[in-house]
>>> print(open('work09.csv').read())   # CSV, C-alpha atoms
chain,number,residue,atom,x,y,z
A,1,MET,CA,-45.7,-37.6,24.0
A,2,SER,CA,-49.3,-38.6,24.1
A,3,LYS,CA,-50.7,-39.9,27.4
A,4,ARG,CA,-51.1,-43.3,25.9
A,5,ASP,CA,-47.5,-43.4,24.7
A,6,LEU,CA,-46.3,-42.2,28.1
A,7,ILE,CA,-48.2,-45.0,29.8
A,8,LEU,CA,-46.7,-47.6,27.4
A,9,SER,CA,-43.1,-46.4,27.7
A,10,THR,CA,-43.4,-46.2,31.5
A,11,ALA,CA,-44.9,-49.7,31.7
A,12,LEU,CA,-42.2,-51.0,29.4
A,13,GLU,CA,-39.5,-49.6,31.7
A,14,LEU,CA,-41.1,-51.0,34.8
A,15,PHE,CA,-41.7,-54.4,33.3
A,16,ASN,CA,-38.1,-54.6,32.1
A,17,GLN,CA,-36.9,-53.7,35.6
A,18,LYS,CA,-39.2,-55.8,37.8
A,19,GLY,CA,-41.1,-58.3,35.7
A,20,THR,CA,-44.8,-58.1,34.9
A,21,ALA,CA,-45.9,-59.9,38.1
A,22,GLU,CA,-44.4,-57.2,40.4
A,23,VAL,CA,-45.9,-54.2,38.5
A,24,SER,CA,-49.6,-53.2,38.9
A,25,THR,CA,-51.6,-50.6,36.9
A,26,ASN,CA,-51.4,-48.5,40.0
A,27,HIS,CA,-47.6,-48.6,40.0
A,28,ILE,CA,-47.7,-47.5,36.3
A,29,ALA,CA,-50.1,-44.7,36.9
A,30,GLU,CA,-48.0,-43.4,39.8
A,31,ALA,CA,-44.8,-43.5,37.8
A,32,CYS,CA,-46.7,-41.5,35.0
A,33,SER,CA,-48.0,-39.0,37.6
A,34,ILE,CA,-51.5,-39.6,36.4
A,35,SER,CA,-54.6,-41.0,38.3
A,36,PRO,CA,-55.5,-44.7,38.0
A,37,GLY,CA,-58.8,-43.6,36.4
A,38,ASN,CA,-56.9,-41.7,33.7
A,39,LEU,CA,-54.8,-44.9,33.0
A,40,TYR,CA,-58.0,-46.9,32.8
A,41,TYR,CA,-59.4,-44.5,30.2
A,42,HIS,CA,-56.6,-45.6,27.9
A,43,PHE,CA,-56.2,-49.3,28.9
A,44,ARG,CA,-58.8,-51.5,30.6
A,45,ASN,CA,-56.2,-53.6,32.5
A,46,LYS,CA,-52.6,-54.7,32.7
A,47,ALA,CA,-53.2,-57.4,30.0
A,48,ALA,CA,-54.2,-54.6,27.6
A,49,ILE,CA,-51.0,-52.7,28.2
A,50,ILE,CA,-48.9,-55.9,27.7
A,51,GLN,CA,-50.9,-56.6,24.5
A,52,ALA,CA,-50.1,-53.0,23.2
A,53,LEU,CA,-46.4,-53.5,24.0
A,54,PHE,CA,-46.5,-56.8,22.0
A,55,GLU,CA,-48.0,-54.8,19.1
A,56,GLN,CA,-45.1,-52.3,19.4
A,57,LEU,CA,-42.8,-55.2,19.2
A,58,TYR,CA,-44.5,-56.6,16.1
A,59,ALA,CA,-44.2,-53.2,14.5
A,60,ALA,CA,-40.5,-53.1,15.3
A,61,TRP,CA,-40.0,-56.5,13.8
A,62,ASP,CA,-41.9,-55.6,10.6
A,63,THR,CA,-40.2,-52.2,10.1
A,64,GLU,CA,-36.7,-52.7,11.4
A,65,LEU,CA,-36.1,-56.3,10.3
A,66,SER,CA,-37.1,-55.6,6.7
A,67,LEU,CA,-35.1,-56.9,3.8
A,68,PRO,CA,-32.9,-54.5,1.8
A,69,ASN,CA,-34.6,-53.9,-1.5
A,70,ASP,CA,-32.3,-51.4,-3.1
A,71,HIS,CA,-29.2,-53.5,-3.7
A,72,THR,CA,-27.9,-57.1,-3.9
A,73,PRO,CA,-27.7,-58.3,-0.3
A,74,GLN,CA,-24.3,-58.2,1.3
A,75,LEU,CA,-23.2,-60.3,4.3
A,76,SER,CA,-23.2,-57.1,6.3
A,77,ASP,CA,-26.9,-57.0,5.8
A,78,LEU,CA,-27.2,-60.2,7.8
A,79,THR,CA,-24.9,-58.8,10.6
A,80,ASN,CA,-26.9,-55.6,10.7
A,81,LEU,CA,-30.2,-57.6,10.8
A,82,VAL,CA,-29.0,-59.8,13.7
A,83,GLU,CA,-27.7,-56.7,15.6
A,84,THR,CA,-31.0,-54.9,15.0
A,85,ASN,CA,-32.8,-57.9,16.2
A,86,TYR,CA,-30.9,-58.0,19.5
A,87,GLN,CA,-31.5,-54.2,19.9
A,88,ILE,CA,-35.3,-55.0,19.7
A,89,ILE,CA,-34.9,-57.9,22.1
A,90,TRP,CA,-33.1,-55.6,24.5
A,91,ARG,CA,-35.8,-52.9,24.2
A,92,TYR,CA,-38.6,-55.4,24.9
A,93,ARG,CA,-36.6,-57.7,27.2
A,94,PHE,CA,-39.4,-58.5,29.6
A,95,VAL,CA,-41.2,-60.2,26.7
A,96,TYR,CA,-38.3,-62.6,26.1
A,97,ARG,CA,-37.7,-63.3,29.8
A,98,GLU,CA,-41.3,-64.2,30.4
A,99,LEU,CA,-42.3,-65.5,27.0
A,100,VAL,CA,-43.7,-68.9,27.8
A,101,ALA,CA,-45.6,-67.7,30.8
A,102,LEU,CA,-47.1,-64.6,29.0
A,103,LEU,CA,-48.2,-66.6,26.0
A,104,ARG,CA,-49.7,-69.3,28.3
A,105,GLN,CA,-51.8,-66.6,30.1
A,106,ASP,CA,-53.4,-65.1,26.9
A,107,LEU,CA,-54.5,-67.3,24.0
A,108,ALA,CA,-55.2,-64.3,21.7
A,109,LEU,CA,-51.7,-62.9,22.4
A,110,HIS,CA,-50.2,-66.4,21.7
A,111,ALA,CA,-52.0,-66.5,18.3
A,112,SER,CA,-50.9,-63.0,17.3
A,113,PHE,CA,-47.3,-63.7,18.5
A,114,LEU,CA,-47.1,-66.9,16.5
A,115,SER,CA,-48.4,-65.4,13.2
A,116,THR,CA,-46.1,-62.4,13.5
A,117,ARG,CA,-43.2,-64.7,14.4
A,118,GLN,CA,-44.0,-66.8,11.4
A,119,ARG,CA,-43.8,-63.7,9.1
A,120,GLY,CA,-40.4,-62.8,10.6
A,121,PHE,CA,-39.1,-66.4,10.1
A,122,SER,CA,-40.2,-66.3,6.5
A,123,GLY,CA,-38.4,-62.9,6.0
A,124,PHE,CA,-35.3,-64.4,7.5
A,125,GLN,CA,-35.6,-67.4,5.2
A,126,GLN,CA,-35.9,-65.1,2.2
A,127,LEU,CA,-32.8,-63.2,3.2
A,128,VAL,CA,-30.7,-66.4,3.5
A,129,GLU,CA,-32.1,-67.6,0.1
A,130,GLN,CA,-31.0,-64.2,-1.4
A,131,PHE,CA,-27.5,-64.8,0.0
A,132,ILE,CA,-27.4,-68.2,-1.7
A,133,ALA,CA,-28.6,-66.7,-5.0
A,134,ALA,CA,-26.0,-63.9,-4.7
A,135,GLY,CA,-23.2,-66.5,-4.1
A,136,ILE,CA,-22.5,-65.2,-0.6
A,137,MET,CA,-23.5,-68.6,0.9
A,138,ARG,CA,-23.2,-71.9,-0.8
A,139,PRO,CA,-26.4,-73.8,-1.8
A,140,ILE,CA,-27.8,-75.7,1.1
A,141,GLU,CA,-30.3,-78.5,1.1
A,142,ALA,CA,-33.8,-77.4,2.2
A,143,LYS,CA,-33.9,-79.5,5.4
A,144,THR,CA,-30.4,-78.3,6.5
A,145,LEU,CA,-31.4,-74.7,5.7
A,146,ASP,CA,-34.5,-75.0,7.8
A,147,GLN,CA,-32.5,-76.5,10.7
A,148,LEU,CA,-29.9,-73.8,10.5
A,149,MET,CA,-32.6,-71.1,10.7
A,150,GLN,CA,-34.3,-72.8,13.6
A,151,ILE,CA,-31.0,-72.8,15.5
A,152,CYS,CA,-30.4,-69.1,14.8
A,153,TRP,CA,-34.0,-68.4,15.8
A,154,LEU,CA,-33.6,-70.3,19.1
A,155,ILE,CA,-30.3,-68.5,19.9
A,156,SER,CA,-32.1,-65.2,19.2
A,157,GLU,CA,-35.1,-66.0,21.3
A,158,PHE,CA,-33.4,-67.5,24.3
A,159,TRP,CA,-30.1,-65.8,24.6
A,160,LEU,CA,-31.3,-63.4,27.2
A,161,ASN,CA,-32.7,-66.2,29.4
A,162,ASN,CA,-29.3,-68.0,29.0
A,163,LEU,CA,-27.5,-64.9,30.3
A,164,GLU,CA,-29.8,-64.6,33.3
A,165,ILE,CA,-29.4,-68.3,34.2
A,166,GLN,CA,-25.6,-67.7,34.1
A,167,GLN,CA,-26.0,-64.6,36.3
A,168,GLN,CA,-24.2,-62.6,33.7
A,169,SER,CA,-25.0,-58.9,33.5
A,170,ILE,CA,-27.5,-58.2,30.7
A,171,GLU,CA,-26.3,-55.3,28.7
A,172,PRO,CA,-25.8,-54.5,25.0
A,173,SER,CA,-22.3,-56.0,25.0
A,174,THR,CA,-23.3,-59.4,26.5
A,175,ILE,CA,-26.3,-59.4,24.2
A,176,ASN,CA,-24.1,-58.9,21.2
A,177,SER,CA,-22.2,-62.1,22.1
A,178,GLY,CA,-25.4,-63.8,20.9
A,179,VAL,CA,-24.9,-62.2,17.5
A,180,SER,CA,-21.5,-64.0,17.3
A,181,LEU,CA,-23.1,-67.3,18.1
A,182,MET,CA,-25.7,-67.0,15.2
A,183,LEU,CA,-22.9,-66.0,12.8
A,184,ARG,CA,-20.9,-69.0,14.0
A,185,VAL,CA,-23.8,-71.3,13.0
A,186,LEU,CA,-23.9,-69.9,9.5
A,187,GLN,CA,-20.1,-69.5,9.0
A,188,PRO,CA,-19.4,-73.0,7.5
A,189,TYR,CA,-21.9,-72.2,4.8
A,190,ILE,CA,-20.5,-68.8,3.9
A,191,ILE,CA,-18.3,-68.7,0.8
B,1,MET,CA,-40.8,-97.5,47.2
B,2,SER,CA,-40.0,-95.5,50.3
B,3,LYS,CA,-42.5,-92.8,51.3
B,4,ARG,CA,-39.9,-90.1,50.5
B,5,ASP,CA,-39.4,-91.5,46.9
B,6,LEU,CA,-43.2,-91.8,46.5
B,7,ILE,CA,-43.6,-88.1,47.4
B,8,LEU,CA,-40.8,-87.1,45.0
B,9,SER,CA,-42.1,-89.2,42.0
B,10,THR,CA,-45.7,-88.0,42.6
B,11,ALA,CA,-44.6,-84.3,42.9
B,12,LEU,CA,-42.5,-84.7,39.7
B,13,GLU,CA,-45.5,-86.0,37.8
B,14,LEU,CA,-47.8,-83.2,39.0
B,15,PHE,CA,-45.2,-80.5,38.4
B,16,ASN,CA,-44.7,-81.8,34.9
B,17,GLN,CA,-48.4,-81.8,34.2
B,18,LYS,CA,-49.5,-78.5,35.8
B,19,GLY,CA,-46.4,-76.4,36.6
B,20,THR,CA,-45.1,-75.8,40.1
B,21,ALA,CA,-47.4,-72.7,40.8
B,22,GLU,CA,-50.5,-74.8,40.4
B,23,VAL,CA,-49.4,-77.7,42.7
B,24,SER,CA,-49.5,-77.3,46.5
B,25,THR,CA,-48.0,-79.7,49.1
B,26,ASN,CA,-51.6,-80.6,49.9
B,27,HIS,CA,-52.2,-81.7,46.3
B,28,ILE,CA,-49.0,-83.8,46.5
B,29,ALA,CA,-50.0,-85.5,49.8
B,30,GLU,CA,-53.5,-86.2,48.4
B,31,ALA,CA,-52.1,-87.8,45.3
B,32,CYS,CA,-49.8,-89.9,47.5
B,33,SER,CA,-52.8,-90.9,49.7
B,34,ILE,CA,-50.9,-89.7,52.8
B,35,SER,CA,-51.7,-86.9,55.3
B,36,PRO,CA,-50.1,-83.5,54.9
B,37,GLY,CA,-48.4,-84.1,58.3
B,38,ASN,CA,-46.8,-87.2,56.9
B,39,LEU,CA,-45.5,-85.2,53.9
B,40,TYR,CA,-44.1,-82.5,56.2
B,41,TYR,CA,-42.2,-85.2,58.1
B,42,HIS,CA,-40.2,-85.7,54.9
B,43,PHE,CA,-40.1,-82.2,53.4
B,44,ARG,CA,-40.6,-79.0,55.2
B,45,ASN,CA,-42.2,-77.2,52.2
B,46,LYS,CA,-42.6,-77.2,48.4
B,47,ALA,CA,-39.3,-75.5,47.9
B,48,ALA,CA,-37.6,-78.5,49.7
B,49,ILE,CA,-39.4,-80.9,47.3
B,50,ILE,CA,-38.2,-78.9,44.3
B,51,GLN,CA,-34.7,-78.8,45.7
B,52,ALA,CA,-34.7,-82.6,46.1
B,53,LEU,CA,-35.9,-83.0,42.5
B,54,PHE,CA,-33.1,-80.8,41.3
B,55,GLU,CA,-30.7,-83.1,43.2
B,56,GLN,CA,-32.2,-86.1,41.4
B,57,LEU,CA,-31.6,-84.2,38.1
B,58,TYR,CA,-28.0,-83.5,39.1
B,59,ALA,CA,-27.4,-87.2,39.9
B,60,ALA,CA,-28.9,-88.1,36.5
B,61,TRP,CA,-26.6,-85.7,34.8
B,62,ASP,CA,-23.5,-87.1,36.6
B,63,THR,CA,-24.3,-90.8,36.2
B,64,GLU,CA,-26.1,-90.9,32.8
B,65,LEU,CA,-24.0,-88.2,31.0
B,66,SER,CA,-20.6,-89.7,31.9
B,67,LEU,CA,-17.9,-90.2,29.3
B,68,PRO,CA,-17.1,-93.6,27.9
B,69,ASN,CA,-13.9,-94.8,29.5
B,70,ASP,CA,-13.5,-98.3,28.1
B,71,HIS,CA,-12.9,-97.4,24.5
B,72,THR,CA,-11.9,-94.7,22.0
B,73,PRO,CA,-14.9,-92.5,21.7
B,74,GLN,CA,-17.1,-93.0,18.6
B,75,LEU,CA,-19.5,-90.5,17.0
B,76,SER,CA,-22.3,-92.7,18.2
B,77,ASP,CA,-21.2,-91.9,21.8
B,78,LEU,CA,-22.1,-88.3,21.0
B,79,THR,CA,-25.5,-89.2,19.6
B,80,ASN,CA,-26.2,-91.4,22.6
B,81,LEU,CA,-25.1,-88.7,25.0
B,82,VAL,CA,-27.4,-86.1,23.3
B,83,GLU,CA,-30.3,-88.6,23.3
B,84,THR,CA,-29.8,-89.4,26.9
B,85,ASN,CA,-29.6,-85.7,27.7
B,86,TYR,CA,-33.0,-85.2,26.1
B,87,GLN,CA,-34.5,-88.2,28.0
B,88,ILE,CA,-33.4,-86.5,31.2
B,89,ILE,CA,-34.8,-83.2,30.1
B,90,TRP,CA,-38.1,-84.9,29.3
B,91,ARG,CA,-38.2,-86.7,32.7
B,92,TYR,CA,-37.6,-83.3,34.5
B,93,ARG,CA,-39.4,-81.1,32.0
B,94,PHE,CA,-41.0,-78.8,34.6
B,95,VAL,CA,-37.4,-77.7,35.5
B,96,TYR,CA,-36.6,-76.7,32.0
B,97,ARG,CA,-40.0,-75.0,31.4
B,98,GLU,CA,-39.7,-72.8,34.5
B,99,LEU,CA,-35.9,-72.6,34.8
B,100,VAL,CA,-35.4,-68.8,35.0
B,101,ALA,CA,-38.3,-68.3,37.5
B,102,LEU,CA,-37.3,-71.3,39.7
B,103,LEU,CA,-33.7,-70.1,39.9
B,104,ARG,CA,-34.7,-66.5,40.6
B,105,GLN,CA,-36.8,-67.7,43.6
B,106,ASP,CA,-34.1,-69.6,45.3
B,107,LEU,CA,-30.5,-68.4,45.4
B,108,ALA,CA,-29.1,-71.6,47.0
B,109,LEU,CA,-30.8,-73.6,44.2
B,110,HIS,CA,-29.3,-71.2,41.6
B,111,ALA,CA,-25.8,-71.7,43.0
B,112,SER,CA,-26.1,-75.5,43.0
B,113,PHE,CA,-27.6,-75.5,39.6
B,114,LEU,CA,-24.8,-73.4,38.2
B,115,SER,CA,-22.0,-75.4,39.7
B,116,THR,CA,-23.5,-78.8,38.5
B,117,ARG,CA,-24.2,-77.3,35.0
B,118,GLN,CA,-20.6,-76.1,34.8
B,119,ARG,CA,-19.4,-79.7,35.6
B,120,GLY,CA,-21.7,-81.0,32.8
B,121,PHE,CA,-20.4,-78.4,30.4
B,122,SER,CA,-16.8,-79.4,31.2
B,123,GLY,CA,-17.6,-83.1,30.6
B,124,PHE,CA,-19.2,-82.2,27.2
B,125,GLN,CA,-16.0,-80.1,26.4
B,126,GLN,CA,-13.8,-83.1,27.3
B,127,LEU,CA,-15.9,-85.5,25.0
B,128,VAL,CA,-15.6,-83.1,22.1
B,129,GLU,CA,-11.8,-82.8,22.7
B,130,GLN,CA,-11.6,-86.6,22.7
B,131,PHE,CA,-13.4,-86.6,19.3
B,132,ILE,CA,-10.8,-84.2,18.0
B,133,ALA,CA,-7.9,-86.3,19.4
B,134,ALA,CA,-9.5,-89.5,17.9
B,135,GLY,CA,-9.8,-87.8,14.4
B,136,ILE,CA,-13.6,-87.9,14.4
B,137,MET,CA,-13.8,-84.2,14.4
B,138,ARG,CA,-11.3,-81.8,12.8
B,139,PRO,CA,-9.2,-79.5,15.1
B,140,ILE,CA,-11.2,-76.5,16.1
B,141,GLU,CA,-9.8,-73.2,17.4
B,142,ALA,CA,-10.6,-72.8,21.1
B,143,LYS,CA,-12.9,-69.8,20.7
B,144,THR,CA,-14.9,-71.5,18.0
B,145,LEU,CA,-15.1,-74.7,20.0
B,146,ASP,CA,-16.5,-72.8,23.0
B,147,GLN,CA,-19.1,-71.1,20.8
B,148,LEU,CA,-20.2,-74.4,19.2
B,149,MET,CA,-20.6,-75.9,22.7
B,150,GLN,CA,-22.5,-72.9,23.9
B,151,ILE,CA,-24.9,-73.2,21.0
B,152,CYS,CA,-25.5,-76.9,21.6
B,153,TRP,CA,-26.1,-76.2,25.3
B,154,LEU,CA,-28.6,-73.5,24.4
B,155,ILE,CA,-30.5,-75.8,22.1
B,156,SER,CA,-30.5,-78.5,24.8
B,157,GLU,CA,-31.7,-76.2,27.5
B,158,PHE,CA,-34.4,-74.3,25.6
B,159,TRP,CA,-35.7,-76.7,23.1
B,160,LEU,CA,-38.7,-77.6,25.3
B,161,ASN,CA,-39.7,-73.9,25.7
B,162,ASN,CA,-39.4,-73.5,21.9
B,163,LEU,CA,-41.8,-76.4,21.3
B,164,GLU,CA,-44.2,-74.9,23.8
B,165,ILE,CA,-44.1,-71.5,22.2
B,166,GLN,CA,-44.8,-73.1,18.9
B,167,GLN,CA,-47.7,-75.0,20.4
B,168,GLN,CA,-46.2,-78.3,19.3
B,169,SER,CA,-47.0,-81.4,21.3
B,170,ILE,CA,-44.1,-82.2,23.6
B,171,GLU,CA,-43.3,-85.8,23.4
B,172,PRO,CA,-40.2,-87.9,22.9
B,173,SER,CA,-40.4,-87.6,19.1
B,174,THR,CA,-40.5,-83.8,19.0
B,175,ILE,CA,-37.9,-83.6,21.7
B,176,ASN,CA,-35.6,-85.8,19.5
B,177,SER,CA,-35.8,-83.2,16.7
B,178,GLY,CA,-33.6,-81.1,19.1
B,179,VAL,CA,-31.0,-83.9,18.9
B,180,SER,CA,-30.9,-83.3,15.1
B,181,LEU,CA,-30.3,-79.6,15.6
B,182,MET,CA,-27.4,-80.1,17.9
B,183,LEU,CA,-25.8,-82.6,15.5
B,184,ARG,CA,-26.4,-80.1,12.7
B,185,VAL,CA,-24.3,-77.5,14.5
B,186,LEU,CA,-21.4,-80.0,14.9
B,187,GLN,CA,-21.8,-81.6,11.4
B,188,PRO,CA,-19.4,-79.2,9.5
B,189,TYR,CA,-16.6,-80.1,11.9
B,190,ILE,CA,-17.1,-83.9,11.7
B,191,ILE,CA,-14.6,-85.6,9.4
>>> encode(input="work09.csv", output="structure tokens")
Amino acid sequence: MSKRDLILSTALELFNQKGTAEVSTNHIAEACSISPGNLYYHFRNKAAIIQALFEQLYAAWDTELSLPNDHTPQLSDLTNLVETNYQIIWRYRFVYRELVALLRQDLALHASFLSTRQRGFSGFQQLVEQFIAAGIMRPIEAKTLDQLMQICWLISEFWLNNLEIQQQSIEPSTINSGVSLMLRVLQPYII
Amino acid sequence: MSKRDLILSTALELFNQKGTAEVSTNHIAEACSISPGNLYYHFRNKAAIIQALFEQLYAAWDTELSLPNDHTPQLSDLTNLVETNYQIIWRYRFVYRELVALLRQDLALHASFLSTRQRGFSGFQQLVEQFIAAGIMRPIEAKTLDQLMQICWLISEFWLNNLEIQQQSIEPSTINSGVSLMLRVLQPYII
């Protein structure tokens, strides 16, 4: 693993454990067994590390949440997509916990997050439209379809916060209960 | 208005404008045109003011989100309930913006929030069960019903954060679009 990748994976683990406020660049350097100077050679400050982790998240969205091109979409493609989405959320859970605050602190980060999020939302819309075309879901009026997808998106983005508020342990099994909620929203429209 | 109420309504306005982190007890006293000492006579610190505002929120939930007792429930009761809920969320919007962080900071607050929230969720469950009994909604399997209500609750609790992430202006009209999402979730089950 390159030093840069070591710094990023260590920072991710610490941010997920303790939150970004409690973790300094010195903590990260110490956990990597490198000097603070060596860390600063790769990242000028904590915000730059957070930005690089957001970019990893965007890359995960773009590669892992891509549409199936090689066959007519099946309903299992949707389930897989939602499960993959929650695996990504789990991997970058500090981002989802602290989303409003992190985006408020960094306007450039907010802009890149919004544009990547919009690309993801369009991909999700295309998948659902492919389901309708393939007869897996019944035709849905445009406004209703947009609302259904907004609801699914909201569940996806805030499920982790909801678990924390309810003081439920946050682990893959509780996160998967969010998958069931999204499928519940779509179920009345599935043929 | 009593001095105590003046402090609370001023703090609420400042917290809603700037967030709790940016507002000190001195700022609140100054905006009330009272001395810090006078403020401390009523509240020992900022956490005590936040706690008192949470108690106002609980009281609003209990009185304004009560079930109609004097007639068979109508679907308009649900719409009214959801709209009233969003008015409360709008009035105490700093709570919903900062929910995870505020509850993490104060274990007693977390406990009182969870128990009041559970009471509200039970009331919501009873209303929906009354709709089913009155033939407004079709019978729904217990697990499905619980999931639908969890989804509505999630929309209610995080709609404001979602608007902020999308950099949409937060005003009564955009908040009301959350009402439409909750009704969209229930619509397939309405007769």
>>> interface_residues(input="work09.csv", of="chain B", to="chain A", cutoff="10 Å", atoms="all atoms listed in the file", output="MDAnalysis selection string")
chainID B and resid 97:101 103:104 110:111 113:114 117:118 144 146:148 150:155 157:159 161:162 164:167 177:178 180:182 184:189
>>> atom_distance(input="work09.csv", atom1="CA of Phe15 (chain B)", atom2="CA of Val23 (chain A)")
26.3 Å
>>> closest_residue(input="work09.csv", among="B:Gln17, B:Ser35, B:Asn45, B:Gln74", to="Ile190 (chain B)", atoms="all atoms listed in the file")
B:Gln74
>>> residues_around(input="work09.csv", residues="Gln56 (chain B)", least_positions_apart="6", cutoff="12 Å", atoms="all atoms listed in the file", output="PyMOL selection string")
chain B and resi 5+8-9+12+49-50+62-64+88-89+91-92+95+113+116
>>> closest_residue(input="work09.csv", among="A:Ser33, A:Leu102, A:Ser122, A:Ser76", to="Lys46 (chain A)", atoms="all atoms listed in the file")
A:Leu102
>>> atom_distance(input="work09.csv", atom1="CA of Ser2 (chain B)", atom2="CA of Phe94 (chain B)")
22.9 Å
>>> atom_distance(input="work09.csv", atom1="CA of Arg119 (chain A)", atom2="CA of Met149 (chain B)")
29.5 Å
>>> closest_residue(input="work09.csv", among="A:Ala48, A:Arg93, A:Ala29, A:Pro172", to="Asp106 (chain A)", atoms="all atoms listed in the file")
A:Ala48
>>> residues_around(input="work09.csv", residues="Gly120 (chain B)", least_positions_apart="6", cutoff="9 Å", atoms="only C-alpha atoms", output="ChimeraX atom specification")
/B:61-62,65-66
>>> write_last_selection(input="work09.csv", atoms="C-alpha atoms", output="PDB file, keeping the file's coordinate frame")
ATOM      1  CA  TRP B  61     -26.600 -85.700  34.800  1.00  0.00           C
ATOM      2  CA  ASP B  62     -23.500 -87.100  36.600  1.00  0.00           C
ATOM      3  CA  LEU B  65     -24.000 -88.200  31.000  1.00  0.00           C
ATOM      4  CA  SER B  66     -20.600 -89.700  31.900  1.00  0.00           C
TER       5      SER B  66
END
